[in-house]
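Asks: So here's query_8.cif (mmCIF, C-alpha atoms and all ligand atoms).
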data_final
loop_
_atom_site.label_atom_id
_atom_site.label_comp_id
_atom_site.auth_asym_id
_atom_site.auth_seq_id
_atom_site.Cartn_x
_atom_site.Cartn_y
_atom_site.Cartn_z
CA MET K 1386 77.47 104.46 116.46
CA PRO K 1387 74.79 105.87 114.19
CA GLU K 1388 71.98 103.56 113.08
CA ILE K 1389 71.23 105.03 109.66
CA ALA K 1390 68.14 102.97 109.06
CA ASP K 1391 66.56 99.95 110.68
CA GLY K 1392 69.44 97.47 111.18
CA VAL K 1393 72.00 99.50 109.17
CA PHE K 1394 74.93 100.90 111.15
CA GLN K 1395 77.74 103.22 110.12
CA LEU K 1396 81.17 102.17 111.45
CA GLU K 1397 83.83 104.84 111.50
CA ILE K 1398 87.25 103.35 110.72
CA PRO K 1399 90.14 105.79 111.28
CA MET K 1400 92.69 106.36 108.54
CA ARG K 1401 95.85 108.22 109.51
CA TYR K 1402 98.12 109.77 106.89
CA ASN K 1403 95.21 110.56 104.62
CA PRO K 1404 93.39 113.89 104.74
CA LEU K 1405 90.05 112.09 104.50
CA GLY K 1406 90.71 110.87 108.03
CA ARG K 1407 88.37 107.89 108.01
CA THR K 1408 86.50 105.37 105.91
CA TYR K 1409 82.92 104.47 106.65
CA SER K 1410 82.11 100.81 106.69
CA TYR K 1411 78.44 99.83 106.89
CA LEU K 1412 77.03 96.91 108.80
CA LEU K 1413 73.77 95.21 107.85
CA LEU K 1414 73.05 93.60 111.17
CA ASP K 1415 70.45 90.97 110.20
CA SER K 1416 72.69 89.37 107.58
CA CYS K 1417 76.03 90.06 109.40
CA THR K 1418 77.22 91.77 106.23
CA LEU K 1419 79.79 94.55 105.96
CA ILE K 1420 80.05 96.91 103.05
CA ASP K 1421 83.77 97.84 102.86
CA THR K 1422 86.23 97.57 105.75
CA GLY K 1423 88.57 100.57 106.07
CA VAL K 1424 92.36 100.55 105.98
CA GLN K 1425 94.74 97.93 107.28
CA SER K 1426 96.10 99.12 110.62
CA LYS K 1427 95.98 98.07 114.26
CA GLU K 1428 94.05 101.20 115.08
CA ALA K 1429 91.49 100.52 112.33
CA PHE K 1430 90.97 96.91 113.40
CA LYS K 1431 90.56 97.96 117.03
CA ALA K 1432 87.97 100.54 116.01
CA MET K 1433 86.05 97.92 114.08
CA LEU K 1434 86.14 95.42 116.96
CA GLU K 1435 84.96 98.00 119.46
CA GLN K 1436 82.09 99.18 117.30
CA LEU K 1437 80.96 95.64 116.57
CA LYS K 1438 81.19 94.87 120.28
CA GLY K 1439 78.94 97.83 120.97
CA LEU K 1440 76.29 96.02 118.93
CA GLY K 1441 76.87 92.75 120.74
CA MET K 1442 78.77 91.34 117.77
CA ASN K 1443 82.15 89.81 117.29
CA VAL K 1444 84.18 89.94 114.09
CA LYS K 1445 83.79 86.13 113.96
CA ASP K 1446 80.07 86.61 113.41
CA LEU K 1447 80.57 88.36 110.07
CA GLU K 1448 79.30 86.29 107.17
CA GLN K 1449 80.17 88.39 104.17
CA ILE K 1450 81.87 91.55 103.04
CA ILE K 1451 80.76 93.33 99.90
CA LEU K 1452 83.49 95.56 98.45
CA THR K 1453 82.49 98.68 96.56
CA HIS K 1454 85.94 98.59 94.91
CA LEU K 1455 89.47 97.36 95.52
CA HIS K 1456 91.15 100.50 96.90
CA ARG K 1457 93.03 99.78 100.10
CA ASP K 1458 91.06 102.22 102.23
CA HIS K 1459 88.03 99.98 101.53
CA THR K 1460 89.63 96.54 101.58
CA GLY K 1461 92.49 96.90 104.07
CA LEU K 1462 90.99 94.86 106.88
CA VAL K 1463 89.73 91.98 104.76
CA ASP K 1464 92.67 89.65 105.40
CA ARG K 1465 92.66 90.40 109.11
CA ILE K 1466 88.94 89.63 109.38
CA ARG K 1467 89.37 86.50 107.31
CA LYS K 1468 91.93 85.16 109.77
CA VAL K 1469 89.30 84.91 112.48
CA SER K 1470 86.07 84.37 110.57
CA GLU K 1471 84.61 82.36 107.71
CA VAL K 1472 83.60 85.54 105.93
CA ARG K 1473 82.90 85.47 102.18
CA ILE K 1474 84.23 88.32 100.02
CA LEU K 1475 82.13 89.64 97.17
CA ALA K 1476 83.21 92.21 94.59
CA HIS K 1477 82.39 93.21 91.03
CA GLU K 1478 83.70 90.86 88.35
CA GLU K 1479 86.04 93.64 87.09
CA ALA K 1480 87.89 93.43 90.42
CA VAL K 1481 89.12 89.98 89.40
CA GLU K 1482 90.31 91.39 86.05
CA ILE K 1483 92.13 94.24 87.80
CA GLN K 1484 93.99 91.80 90.04
CA LYS K 1485 94.99 89.71 86.99
CA ARG K 1486 96.33 92.84 85.35
CA TRP K 1487 98.34 93.77 88.45
CA ALA K 1488 99.79 90.27 88.53
CA ALA K 1489 100.68 90.40 84.83
CA LEU K 1490 102.24 93.83 85.20
CA GLY K 1491 104.40 92.54 88.04
CA ARG K 1492 107.65 94.40 88.37
CA ARG K 1493 107.11 96.42 85.19
CA GLY K 1494 104.89 98.87 87.06
CA TYR K 1495 107.83 101.18 87.51
CA GLU K 1496 108.72 101.35 83.80
CA GLU K 1497 105.09 101.91 82.90
CA THR K 1498 104.71 104.79 85.34
CA ARG K 1499 108.03 106.31 84.24
CA ASP K 1500 107.09 106.16 80.53
CA GLU K 1501 103.66 107.59 81.26
CA THR K 1502 105.17 110.45 83.29
CA LYS K 1503 107.54 111.28 80.43
CA MET K 1504 104.81 111.09 77.82
CA TRP K 1505 102.72 113.65 79.71
CA GLY K 1506 105.57 116.13 80.01
CA GLY K 1507 106.59 115.20 83.56
CA GLY K 1508 110.27 114.66 82.68
CA GLY K 1509 111.29 116.92 85.56
CA LEU K 1510 109.68 114.50 88.03
CA LEU K 1511 111.65 111.43 86.99
CA ASP K 1512 114.31 111.94 89.64
CA ILE K 1513 111.69 111.99 92.36
CA LEU K 1514 109.96 108.96 90.83
CA SER K 1515 113.21 106.98 90.80
CA ARG K 1516 113.41 107.26 94.59
CA TYR K 1517 110.27 105.14 94.78
CA GLU K 1518 111.40 102.53 92.29
CA GLN K 1519 111.56 99.71 94.83
CA ALA K 1520 108.06 100.48 96.07
CA PHE K 1521 106.74 100.26 92.50
CA ARG K 1522 108.52 96.94 92.00
CA ARG K 1523 107.03 95.28 95.05
CA PRO K 1524 104.22 92.93 93.99
CA ARG K 1525 100.78 94.14 94.98
CA PRO K 1526 99.09 91.83 97.44
CA SER K 1527 96.18 90.05 95.86
CA LEU K 1528 92.87 89.69 97.62
CA LYS K 1529 90.98 86.40 97.55
CA ILE K 1530 87.56 87.14 96.11
CA ASP K 1531 85.06 84.36 96.81
CA GLY K 1532 82.25 85.51 94.59
CA THR K 1533 81.61 88.16 91.97
CA VAL K 1534 78.57 90.33 91.39
CA ALA K 1535 77.54 91.69 88.02
CA ASP K 1536 75.70 94.87 87.13
CA GLY K 1537 72.00 94.46 87.83
CA ALA K 1538 72.49 91.54 90.23
CA THR K 1539 70.21 91.25 93.22
CA LEU K 1540 71.62 89.98 96.50
CA GLU K 1541 68.95 88.49 98.69
CA LEU K 1542 70.21 88.67 102.25
CA GLU K 1543 68.51 88.14 105.57
CA GLY K 1544 66.56 91.37 106.11
CA SER K 1545 67.69 93.16 102.93
CA MET K 1546 67.45 92.94 99.19
CA LEU K 1547 70.42 94.68 97.56
CA HIS K 1548 70.67 95.74 93.96
CA VAL K 1549 74.12 96.10 92.36
CA ILE K 1550 74.81 99.08 90.08
CA TRP K 1551 78.14 98.99 88.25
CA THR K 1552 79.59 102.51 88.36
CA PRO K 1553 83.06 102.54 86.73
CA GLY K 1554 84.98 105.83 86.73
CA HIS K 1555 86.67 106.29 90.10
CA SER K 1556 87.85 102.73 89.50
CA ARG K 1557 86.90 100.22 86.85
CA ASP K 1558 85.41 97.77 89.37
CA HIS K 1559 83.36 100.27 91.36
CA ILE K 1560 79.82 99.38 92.38
CA CYS K 1561 77.09 101.22 94.23
CA ILE K 1562 74.62 99.18 96.21
CA HIS K 1563 70.99 100.14 96.29
CA ASP K 1564 68.75 98.99 99.12
CA GLN K 1565 65.39 99.84 97.66
CA GLY K 1566 63.39 98.64 100.67
CA ARG K 1567 65.15 101.00 103.07
CA GLU K 1568 65.70 103.70 100.43
CA LEU K 1569 69.47 103.73 100.85
CA LEU K 1570 72.34 103.97 98.40
CA PHE K 1571 75.79 102.79 99.48
CA SER K 1572 77.88 104.94 97.15
CA GLY K 1573 81.47 103.94 98.03
CA ASP K 1574 83.80 106.50 96.44
CA HIS K 1575 81.50 107.31 93.52
CA VAL K 1576 79.62 110.25 95.03
CA PHE K 1577 80.45 112.34 98.11
CA PRO K 1578 78.56 115.32 99.50
CA LYS K 1579 81.41 117.87 99.11
CA ILE K 1580 84.60 116.56 97.50
CA THR K 1581 84.78 115.16 93.98
CA SER K 1582 85.83 111.57 93.35
CA HIS K 1583 89.29 110.98 92.00
CA VAL K 1584 89.11 109.91 88.36
CA SER K 1585 92.49 108.90 86.98
CA LEU K 1586 93.64 108.27 83.44
CA HIS K 1587 96.28 105.63 82.86
CA THR K 1588 97.74 105.97 79.41
CA PHE K 1589 98.44 102.29 78.92
CA GLN K 1590 95.00 101.16 79.91
CA LYS K 1591 92.18 101.25 77.44
CA GLY K 1592 89.09 103.36 77.92
CA ASP K 1593 87.95 106.79 78.98
CA PRO K 1594 87.46 106.86 82.76
CA LEU K 1595 85.92 110.34 82.87
CA ALA K 1596 83.29 109.39 80.28
CA ASP K 1597 82.66 106.21 82.32
CA TYR K 1598 82.36 108.29 85.47
CA LEU K 1599 79.83 110.69 83.95
CA ARG K 1600 77.77 107.80 82.55
CA SER K 1601 77.89 106.14 85.96
CA LEU K 1602 76.57 109.33 87.57
CA GLU K 1603 73.64 109.36 85.16
CA ARG K 1604 72.82 105.80 86.15
CA LEU K 1605 71.99 106.97 89.66
CA ARG K 1606 69.24 109.32 88.60
CA GLY K 1607 65.65 108.53 89.39
CA LEU K 1608 66.26 105.59 91.71
CA GLY K 1609 63.85 107.07 94.20
CA PHE K 1610 65.96 106.65 97.35
CA SER K 1611 66.45 109.27 99.95
CA ILE K 1612 69.72 108.66 101.80
CA VAL K 1613 73.23 108.28 100.34
CA LEU K 1614 75.89 106.49 102.41
CA PRO K 1615 79.37 107.18 101.00
CA GLY K 1616 82.72 105.71 102.01
CA HIS K 1617 84.00 109.10 103.25
CA GLU K 1618 82.72 112.50 104.41
CA GLY K 1619 79.21 111.64 105.56
CA VAL K 1620 75.65 110.73 104.84
CA PHE K 1621 73.62 113.08 102.63
CA GLU K 1622 70.28 113.27 100.89
CA ASP K 1623 70.01 115.36 97.75
CA LEU K 1624 71.60 112.95 95.28
CA GLU K 1625 70.06 114.48 92.15
CA GLY K 1626 71.31 117.92 93.19
CA ARG K 1627 74.80 116.55 93.84
CA ILE K 1628 74.85 114.79 90.44
CA ASN K 1629 73.98 118.11 88.78
CA GLN K 1630 76.84 119.85 90.63
CA LEU K 1631 79.36 117.14 89.73
CA GLU K 1632 78.39 117.16 86.07
CA ARG K 1633 78.71 120.93 85.98
CA HIS K 1634 82.10 120.73 87.72
CA HIS K 1635 83.47 118.36 85.08
CA GLU K 1636 81.98 120.41 82.25
CA ILE K 1637 83.79 123.52 83.55
CA ARG K 1638 87.09 121.70 84.07
CA CYS K 1639 86.94 120.09 80.62
CA GLY K 1640 86.23 123.53 79.18
CA GLU K 1641 89.29 124.95 80.94
CA ILE K 1642 91.48 122.16 79.62
ZN ZN K 1701 88.57 104.62 96.06
ZN ZN K 1702 87.96 105.62 99.51
#
Please rewrite the model in this file as structure tokens.
Ligand SMILES: [Zn+2]
Ligand SMILES: [Zn+2]

Replies:
Amino acid sequence: MPEIADGVFQLEIPMRYNPLGRTYSYLLLDSCTLIDTGVQSKEAFKAMLEQLKGLGMNVKDLEQIILTHLHRDHTGLVDRIRKVSEVRILAHEEAVEIQKRWAALGRRGYEETRDETKMWGGGGLLDILSRYEQAFRRPRPSLKIDGTVADGATLELEGSMLHVIWTPGHSRDHICIHDQGRELLFSGDHVFPKITSHVSLHTFQKGDPLADYLRSLERLRGLGFSIVLPGHEGVFEDLEGRINQLERHHEIRCGEI
């Protein structure tokens, strides 16, 4: 398993049925901290156990998990890990708000999606959507978050000092984590080397996610780090160059629209 920097390891957690193929989880060995977990599956859990074992660690040794955001390919193994360890879960304060909204929405998720589809001219898709009605009506499992982190917070851990940068856009609760000492940026799903992050607009939610996303990209300029560690694809270096490309991409697409 690659050691990206002193005491920082990249764990590859397989993800079937998704063209991305895998999520990267990162282990900060000194503080027994994971950044993200990968999907919930037997195969994913086995991969995590084996990779931890390779470092002489057991999942029981984990002390905390910092979540870059609540998507299932990043949080899927949390409950499984929690069953066997005393791990603490940290996420951005918006993650708590998102879970409250899901709970309040409850079974109405189907109606909301149907109305939104109609409003955007997708009337022809309603038949297909209706086949998934029961799935939409199932309550979303809620994750127990033990502590929240705010924008600008510093997490002082054994062997690392992490700085939290709130980067809404891909999701409202998304954070990047900057390890200034090691010159690393854990970028979650905010910036990848090749693909663009999914930015979705939900009609019944307030805000402008693309504007948030572009502002969040700007926030990563000039941090002075050299290595970016995303949740998918792979490690890369030229962050400023990638930000320029992504901004240009969105400018072109907005122009087309
Ligand atoms: Zn995501
Ligand atoms: Zn992801």

Asks: If I put a ball of radius 8 Å at (108.4, 95.8, 92.6) in the file's coordinates, which residues poke into it when counting only C-alpha atoms, written as number ranges by chain?

Replies: K: 1491-1495, 1518-1524

Asks: In Å to one decimal, how far is atom CA of Leu1608 of chain K from atom CA of Ala1390 of chain K?

Replies: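 Distance reported for this atom pair: 17.6 Å.
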
Asks: Give the answer as one residue: which of K:Leu1405, K:Leu1624, K:Ile1560, K:Leu1440 has the shortest atom-to-atom distance to ligand ZN 1702 (chain K), using all atoms listed in the file?

Replies: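 Selected residue with least distance to ligand ZN 1702 (chain K): K:Leu1405.
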
Asks: Which residue is closest to ligand ZN 1702 (chain K)? Choose from K:Gln1484, K:Thr1533, K:Thr1460, K:Ser1611 and count all atoms listed in the file.

Replies: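 Closest to ligand ZN 1702 (chain K), using all atoms listed in the file: K:Thr1460.
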
Asks: Within 8 Å of ligand ZN 1701 (chain K) (counting all atoms listed in the file), which residues show up? I'd like them as a count of residues only.

Replies: 13

Asks: For a quick check of understanding, using only C-alpha atoms and all ligand atoms, which of K:Phe1394, K:Phe1577, K:Trp1505, K:Tyr1402 has the smallest distance to ligand ZN 1702 (chain K)?

Replies: K:Phe1577

Asks: Would you mind telling me which residue in K:Ala1432, K:Cys1417, K:Leu1511, K:Val1576 lies nearest to ligand ZN 1702 (chain K) when using only C-alpha atoms and all ligand atoms?

Replies: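 Closest to ligand ZN 1702 (chain K) of all the choices is K:Val1576.
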
Asks: I need the residue nearest Lys1445 of chain K from this list: K:Ile1637, K:Val1613, K:Ile1389, K:Ile1466. Use only C-alpha atoms for the distance.

Replies: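 Between K:Ile1637, K:Val1613, K:Ile1389, K:Ile1466, the residue approaching Lys1445 of chain K most closely is K:Ile1466.
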
Asks: Go through K:His1617, K:Arg1525, K:Arg1567, K:Arg1465 one by one, measure the shortest atom-to-atom distance of each to ligand ZN 1702 (chain K) using all atoms listed in the file, and give the residue with the smallest value.

Replies: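 Answer, going by the shortest atom-to-atom distance: K:His1617.
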
Asks: Could you pull segment 1595-1630 of chain K out of the structure I just pasted and write it to a file containing N, CA and C atoms, as a PDB file, in the first residue's frame?

Replies:
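The file below, result25.pdb, is the result:
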ATOM      1  N   LEU K1595     -23.417  25.372  -8.234  1.00  0.00           N
ATOM      2  CA  LEU K1595     -22.282  25.578  -9.135  1.00  0.00           C
ATOM      3  C   LEU K1595     -21.481  26.817  -8.705  1.00  0.00           C
ATOM      4  N   ALA K1596     -22.194  27.868  -8.318  1.00  0.00           N
ATOM      5  CA  ALA K1596     -21.487  29.062  -7.812  1.00  0.00           C
ATOM      6  C   ALA K1596     -20.699  28.693  -6.559  1.00  0.00           C
ATOM      7  N   ASP K1597     -21.304  27.876  -5.688  1.00  0.00           N
ATOM      8  CA  ASP K1597     -20.588  27.420  -4.477  1.00  0.00           C
ATOM      9  C   ASP K1597     -19.338  26.646  -4.888  1.00  0.00           C
ATOM     10  N   TYR K1598     -19.520  25.764  -5.872  1.00  0.00           N
ATOM     11  CA  TYR K1598     -18.399  24.921  -6.295  1.00  0.00           C
ATOM     12  C   TYR K1598     -17.231  25.780  -6.808  1.00  0.00           C
ATOM     13  N   LEU K1599     -17.560  26.755  -7.644  1.00  0.00           N
ATOM     14  CA  LEU K1599     -16.505  27.594  -8.216  1.00  0.00           C
ATOM     15  C   LEU K1599     -15.817  28.428  -7.126  1.00  0.00           C
ATOM     16  N   ARG K1600     -16.592  28.921  -6.184  1.00  0.00           N
ATOM     17  CA  ARG K1600     -15.991  29.662  -5.052  1.00  0.00           C
ATOM     18  C   ARG K1600     -15.094  28.732  -4.241  1.00  0.00           C
ATOM     19  N   SER K1601     -15.558  27.495  -4.065  1.00  0.00           N
ATOM     20  CA  SER K1601     -14.770  26.540  -3.283  1.00  0.00           C
ATOM     21  C   SER K1601     -13.466  26.175  -3.991  1.00  0.00           C
ATOM     22  N   LEU K1602     -13.486  26.179  -5.325  1.00  0.00           N
ATOM     23  CA  LEU K1602     -12.240  25.936  -6.064  1.00  0.00           C
ATOM     24  C   LEU K1602     -11.251  27.060  -5.794  1.00  0.00           C
ATOM     25  N   GLU K1603     -11.755  28.293  -5.852  1.00  0.00           N
ATOM     26  CA  GLU K1603     -10.893  29.458  -5.635  1.00  0.00           C
ATOM     27  C   GLU K1603     -10.232  29.423  -4.257  1.00  0.00           C
ATOM     28  N   ARG K1604     -10.950  28.845  -3.305  1.00  0.00           N
ATOM     29  CA  ARG K1604     -10.427  28.805  -1.938  1.00  0.00           C
ATOM     30  C   ARG K1604      -9.173  27.942  -1.817  1.00  0.00           C
ATOM     31  N   LEU K1605      -8.945  27.093  -2.823  1.00  0.00           N
ATOM     32  CA  LEU K1605      -7.782  26.200  -2.739  1.00  0.00           C
ATOM     33  C   LEU K1605      -6.533  26.794  -3.383  1.00  0.00           C
ATOM     34  N   ARG K1606      -6.674  27.989  -3.918  1.00  0.00           N
ATOM     35  CA  ARG K1606      -5.494  28.580  -4.554  1.00  0.00           C
ATOM     36  C   ARG K1606      -4.517  29.096  -3.496  1.00  0.00           C
ATOM     37  N   GLY K1607      -3.248  28.963  -3.841  1.00  0.00           N
ATOM     38  CA  GLY K1607      -2.203  29.587  -3.023  1.00  0.00           C
ATOM     39  C   GLY K1607      -1.985  28.962  -1.658  1.00  0.00           C
ATOM     40  N   LEU K1608      -2.404  27.722  -1.476  1.00  0.00           N
ATOM     41  CA  LEU K1608      -2.183  27.105  -0.158  1.00  0.00           C
ATOM     42  C   LEU K1608      -0.741  26.618   0.016  1.00  0.00           C
ATOM     43  N   GLY K1609      -0.057  26.492  -1.083  1.00  0.00           N
ATOM     44  CA  GLY K1609       1.370  26.169  -1.000  1.00  0.00           C
ATOM     45  C   GLY K1609       1.673  24.696  -0.761  1.00  0.00           C
ATOM     46  N   PHE K1610       0.705  23.807  -1.020  1.00  0.00           N
ATOM     47  CA  PHE K1610       1.011  22.383  -0.841  1.00  0.00           C
ATOM     48  C   PHE K1610       1.411  21.786  -2.177  1.00  0.00           C
ATOM     49  N   SER K1611       1.907  20.571  -2.119  1.00  0.00           N
ATOM     50  CA  SER K1611       2.369  20.005  -3.379  1.00  0.00           C
ATOM     51  C   SER K1611       1.626  18.754  -3.817  1.00  0.00           C
ATOM     52  N   ILE K1612       0.988  18.043  -2.913  1.00  0.00           N
ATOM     53  CA  ILE K1612       0.354  16.782  -3.330  1.00  0.00           C
ATOM     54  C   ILE K1612      -1.132  16.782  -2.966  1.00  0.00           C
ATOM     55  N   VAL K1613      -1.975  16.401  -3.952  1.00  0.00           N
ATOM     56  CA  VAL K1613      -3.420  16.339  -3.724  1.00  0.00           C
ATOM     57  C   VAL K1613      -3.838  14.870  -3.649  1.00  0.00           C
ATOM     58  N   LEU K1614      -4.610  14.529  -2.615  1.00  0.00           N
ATOM     59  CA  LEU K1614      -5.044  13.142  -2.389  1.00  0.00           C
ATOM     60  C   LEU K1614      -6.573  13.078  -2.484  1.00  0.00           C
ATOM     61  N   PRO K1615      -7.098  12.772  -3.663  1.00  0.00           N
ATOM     62  CA  PRO K1615      -8.554  12.732  -3.829  1.00  0.00           C
ATOM     63  C   PRO K1615      -9.166  11.395  -3.411  1.00  0.00           C
ATOM     64  N   GLY K1616     -10.493  11.369  -3.370  1.00  0.00           N
ATOM     65  CA  GLY K1616     -11.217  10.159  -2.993  1.00  0.00           C
ATOM     66  C   GLY K1616     -11.292   9.131  -4.117  1.00  0.00           C
ATOM     67  N   HIS K1617     -11.019   9.546  -5.348  1.00  0.00           N
ATOM     68  CA  HIS K1617     -11.036   8.630  -6.507  1.00  0.00           C
ATOM     69  C   HIS K1617      -9.916   9.043  -7.478  1.00  0.00           C
ATOM     70  N   GLU K1618      -9.695   8.191  -8.439  1.00  0.00           N
ATOM     71  CA  GLU K1618      -8.714   8.412  -9.519  1.00  0.00           C
ATOM     72  C   GLU K1618      -7.263   8.298  -9.083  1.00  0.00           C
ATOM     73  N   GLY K1619      -6.737   9.207  -8.328  1.00  0.00           N
ATOM     74  CA  GLY K1619      -5.340   9.058  -7.926  1.00  0.00           C
ATOM     75  C   GLY K1619      -4.713  10.375  -7.517  1.00  0.00           C
ATOM     76  N   VAL K1620      -3.553  10.222  -6.912  1.00  0.00           N
ATOM     77  CA  VAL K1620      -2.825  11.365  -6.373  1.00  0.00           C
ATOM     78  C   VAL K1620      -2.287  12.215  -7.521  1.00  0.00           C
ATOM     79  N   PHE K1621      -2.285  13.535  -7.358  1.00  0.00           N
ATOM     80  CA  PHE K1621      -1.697  14.394  -8.387  1.00  0.00           C
ATOM     81  C   PHE K1621      -1.093  15.644  -7.754  1.00  0.00           C
ATOM     82  N   GLU K1622      -0.410  16.436  -8.590  1.00  0.00           N
ATOM     83  CA  GLU K1622       0.344  17.545  -7.999  1.00  0.00           C
ATOM     84  C   GLU K1622      -0.071  18.937  -8.418  1.00  0.00           C
ATOM     85  N   ASP K1623      -0.358  19.138  -9.702  1.00  0.00           N
ATOM     86  CA  ASP K1623      -0.531  20.525 -10.153  1.00  0.00           C
ATOM     87  C   ASP K1623      -1.960  21.015  -9.866  1.00  0.00           C
ATOM     88  N   LEU K1624      -2.195  21.382  -8.623  1.00  0.00           N
ATOM     89  CA  LEU K1624      -3.553  21.786  -8.235  1.00  0.00           C
ATOM     90  C   LEU K1624      -3.980  23.082  -8.921  1.00  0.00           C
ATOM     91  N   GLU K1625      -3.084  24.060  -8.959  1.00  0.00           N
ATOM     92  CA  GLU K1625      -3.455  25.346  -9.580  1.00  0.00           C
ATOM     93  C   GLU K1625      -3.834  25.132 -11.051  1.00  0.00           C
ATOM     94  N   GLY K1626      -3.059  24.300 -11.739  1.00  0.00           N
ATOM     95  CA  GLY K1626      -3.341  24.014 -13.148  1.00  0.00           C
ATOM     96  C   GLY K1626      -4.695  23.334 -13.301  1.00  0.00           C
ATOM     97  N   ARG K1627      -4.992  22.417 -12.386  1.00  0.00           N
ATOM     98  CA  ARG K1627      -6.273  21.692 -12.456  1.00  0.00           C
ATOM     99  C   ARG K1627      -7.440  22.642 -12.148  1.00  0.00           C
ATOM    100  N   ILE K1628      -7.244  23.554 -11.219  1.00  0.00           N
ATOM    101  CA  ILE K1628      -8.308  24.538 -10.915  1.00  0.00           C
ATOM    102  C   ILE K1628      -8.576  25.377 -12.173  1.00  0.00           C
ATOM    103  N   ASN K1629      -7.532  25.797 -12.844  1.00  0.00           N
ATOM    104  CA  ASN K1629      -7.710  26.585 -14.081  1.00  0.00           C
ATOM    105  C   ASN K1629      -8.529  25.799 -15.102  1.00  0.00           C
ATOM    106  N   GLN K1630      -8.174  24.516 -15.282  1.00  0.00           N
ATOM    107  CA  GLN K1630      -8.911  23.679 -16.257  1.00  0.00           C
ATOM    108  C   GLN K1630     -10.378  23.556 -15.878  1.00  0.00           C
TER     109      GLN K1630
END
